[in-house]
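> Submitted below is the structure of interest, expressed as structure tokens.
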Amino acid sequence: MDARALWISAPRQSEIRPETVRDCGPDDITVKAIASGISHGTEMVMYRGDGPADQPLTPSTCEGSWALPAKFGYQNVGRVLEAGRNTAYQAGDLVFCRYPHQDHFTIDAVDPELVSPLPEVDPVEMAVLGNLADVSLSVLLDVPVRIGDVAVVFGLGVVGMFCAQFARQTAGKLVVVDPLESRRELALRWGADLAVAPEHAVEAAMEASEGRGADVVIEASGAPPALQSSFACAGQEASVAVVGWYGNKTVPLVLAPEFHIRRLRVVSSTVMLVGSGLQPRWDLARKLRVAVEALPRLHADEMITHRIPFEQGPEAYRLVDERPEEALAVALVY
């Protein structure tokens, strides 16, 4: 079967290339894509040429390298065309696949890290945000926001928006931080108590906490200065969760006095692992299922500001890179 895929050929250059889809084996499914989501974090790090050249690409469905060219992506939603006898799928099933932007593909469906069944959702392209909701759910599993806590979220991209909405369910006060006024306004509509530009973050955190500092700070921006500000916002023995990815950027930090004197706890968070002690109950399949089921109440459909035909993938990359203020979430539709 012939197919087409979106490749990043060089920094800030991309193109549609022909592909050949391998036959469906007993452990595989062959999928016709409906929509795929562009990651404004990790994927843009690669698109801009800022990735660590010697780091292996994940998931395993990607091709090439961080040094480029690369076929990269991990948010593909489609329907099963053919299912191998060892799989739990059948033709017509809706699935979420950690697979790059490609219109038809065959994937190992026995590996729960790569394929998950999806409930029917409307509109179906909303499901491309399932992985980013999963990323955000992982943060809240790693660093829970307790009832009455003051939580601060840096960065109001899709991951930050999801983190803020998950935190809102238990937080006493929720402060969000982003340089874009349009995103701050959205966050206020969706439940934030305070929404401020980065230069006012510390003041807002202290106001919300009556001077104690935040109980939980989530750094979801991927901007190195935000991590420094996160320390300044945090209270005594507070937790700072780092989910924003910096690629190969240098992240300079001044640790004195806040980090040492306040005995801050800094936690890294990733979608592929869950916090200590939760692994026996929270496998990858459960985590993604819970995240996808939460999408309608997390305003996921409203977050998709652009639905762009797959053939215009290079233009979609340029939009996210050059005019991020216009695009919160971008879905390629097939």
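Ligands are numbered from 1 in the order shown, chains are lettered A, B, ... in the order of the structure tokens, and residues start at 1 in each chain.
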Please extract the residues of range 257-321 of chain A with a backbone DSSP assignment of helix (DSSP H, G or I) and present them as a PyMOL selection string.
chain A and resi 258-261+284-298+300-303+310-321
> Set the distance at 9 Å and use only C-alpha atoms: which residues neighbour range 68-81 of chain A once local chain neighbours fewer than 2 positions away are removed? I'd like the list as JSON, numbers by chain.
{"A": [5, 6, 7, 8, 9, 10, 11, 14, 29, 30, 31, 32, 33, 34, 35, 36, 37, 38, 39, 43, 46, 47, 49, 53, 57, 58, 59, 61, 62, 63, 64, 65, 66, 83, 89, 90, 91, 92, 93, 94, 95, 96, 97, 98, 99, 100, 101, 102, 103, 104, 114, 118, 124, 125, 127, 128, 129, 130, 131, 132]}
> In terms of the shortest atom-to-atom distance over only C-alpha atoms, which of A:Leu319, A:Ala109, A:Pro296, A:Ala223 is closest to Met126 in chain A?
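Of A:Leu319, A:Ala109, A:Pro296, A:Ala223, the one nearest Met126 in chain A is A:Pro296, counting only C-alpha atoms.
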> Skip Val290 in chain A itself and residues of its chain fewer than 3 positions away, then list as a VMD selection string all residues within 10 Å of it, counting only C-alpha atoms.
chain A and resid 130 133 to 134 137 285 to 287 293 to 295
> Could you tell me how far CA of Val243 in chain A sits from CA of Ser269 in chain A, in Å to one decimal place?
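Atom-to-atom, CA of Ser269 in chain A and CA of Val243 in chain A are spaced 5.2 Å apart.
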> Which residue out of A:Pro324, A:Pro112, A:Gly222, A:Gly211 has the minimum interatomic distance to Gln236 in chain A when only C-alpha atoms are used?
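Closest residue, counting only C-alpha atoms: A:Gly211.
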> Near Ser209 in chain A, within 9 Å and counting only C-alpha atoms, which residues show up once chain neighbours fewer than 3 positions away are dropped, as an NGL selection string?
:A and (149-150 or 173 or 204-206 or 212-215 or 235)
> Would you write out those residues with N, CA and C atoms, as a compact mmCIF listing (two decimals), in the first residue's frame?

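Output contents, as saved in again_32.txt:
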```txt
# COMPACT_ATOMS: atom_id res chain seq x y z
N ASP A 149 -4.78 23.43 48.14
CA ASP A 149 -3.44 23.88 47.74
C ASP A 149 -3.51 25.11 46.85
N VAL A 150 -2.44 25.89 46.90
CA VAL A 150 -2.20 26.95 45.91
C VAL A 150 -1.30 26.36 44.83
N LYS A 173 -6.54 27.69 45.26
CA LYS A 173 -6.28 28.84 44.38
C LYS A 173 -5.42 28.36 43.22
N ALA A 204 1.89 37.30 42.08
CA ALA A 204 0.59 36.63 42.07
C ALA A 204 0.59 35.40 42.96
N ALA A 205 1.69 34.64 42.94
CA ALA A 205 1.78 33.45 43.78
C ALA A 205 1.73 33.82 45.26
N MET A 206 2.40 34.89 45.63
CA MET A 206 2.40 35.32 47.03
C MET A 206 1.04 35.88 47.44
N ARG A 212 2.82 32.74 51.72
CA ARG A 212 3.52 31.49 52.01
C ARG A 212 4.30 30.96 50.81
N GLY A 213 3.85 31.30 49.64
CA GLY A 213 4.37 30.67 48.42
C GLY A 213 3.49 29.48 48.04
N ALA A 214 3.56 29.09 46.79
CA ALA A 214 2.69 28.03 46.27
C ALA A 214 3.05 26.68 46.86
N ASP A 215 2.05 25.82 46.97
CA ASP A 215 2.26 24.44 47.41
C ASP A 215 2.80 23.58 46.28
N GLY A 235 6.63 27.72 47.92
CA GLY A 235 6.72 27.88 49.36
C GLY A 235 7.63 26.86 50.01
```
> Could you tell me, as a list in words, which residues of range 102-137 of chain A DSSP assigns to strand (DSSP E) when given the backbone?
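These are the residues in question: His104, Phe105, Thr106, Ile107, Asp108, Val115, Ser116 and Pro117 of chain A.
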> Between A:Pro257, A:Leu227, A:Val196, A:Ile304, which has the minimum distance to Trp245 in chain A (counting only C-alpha atoms)?
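Smallest separation from Trp245 in chain A among the options: A:Leu227.
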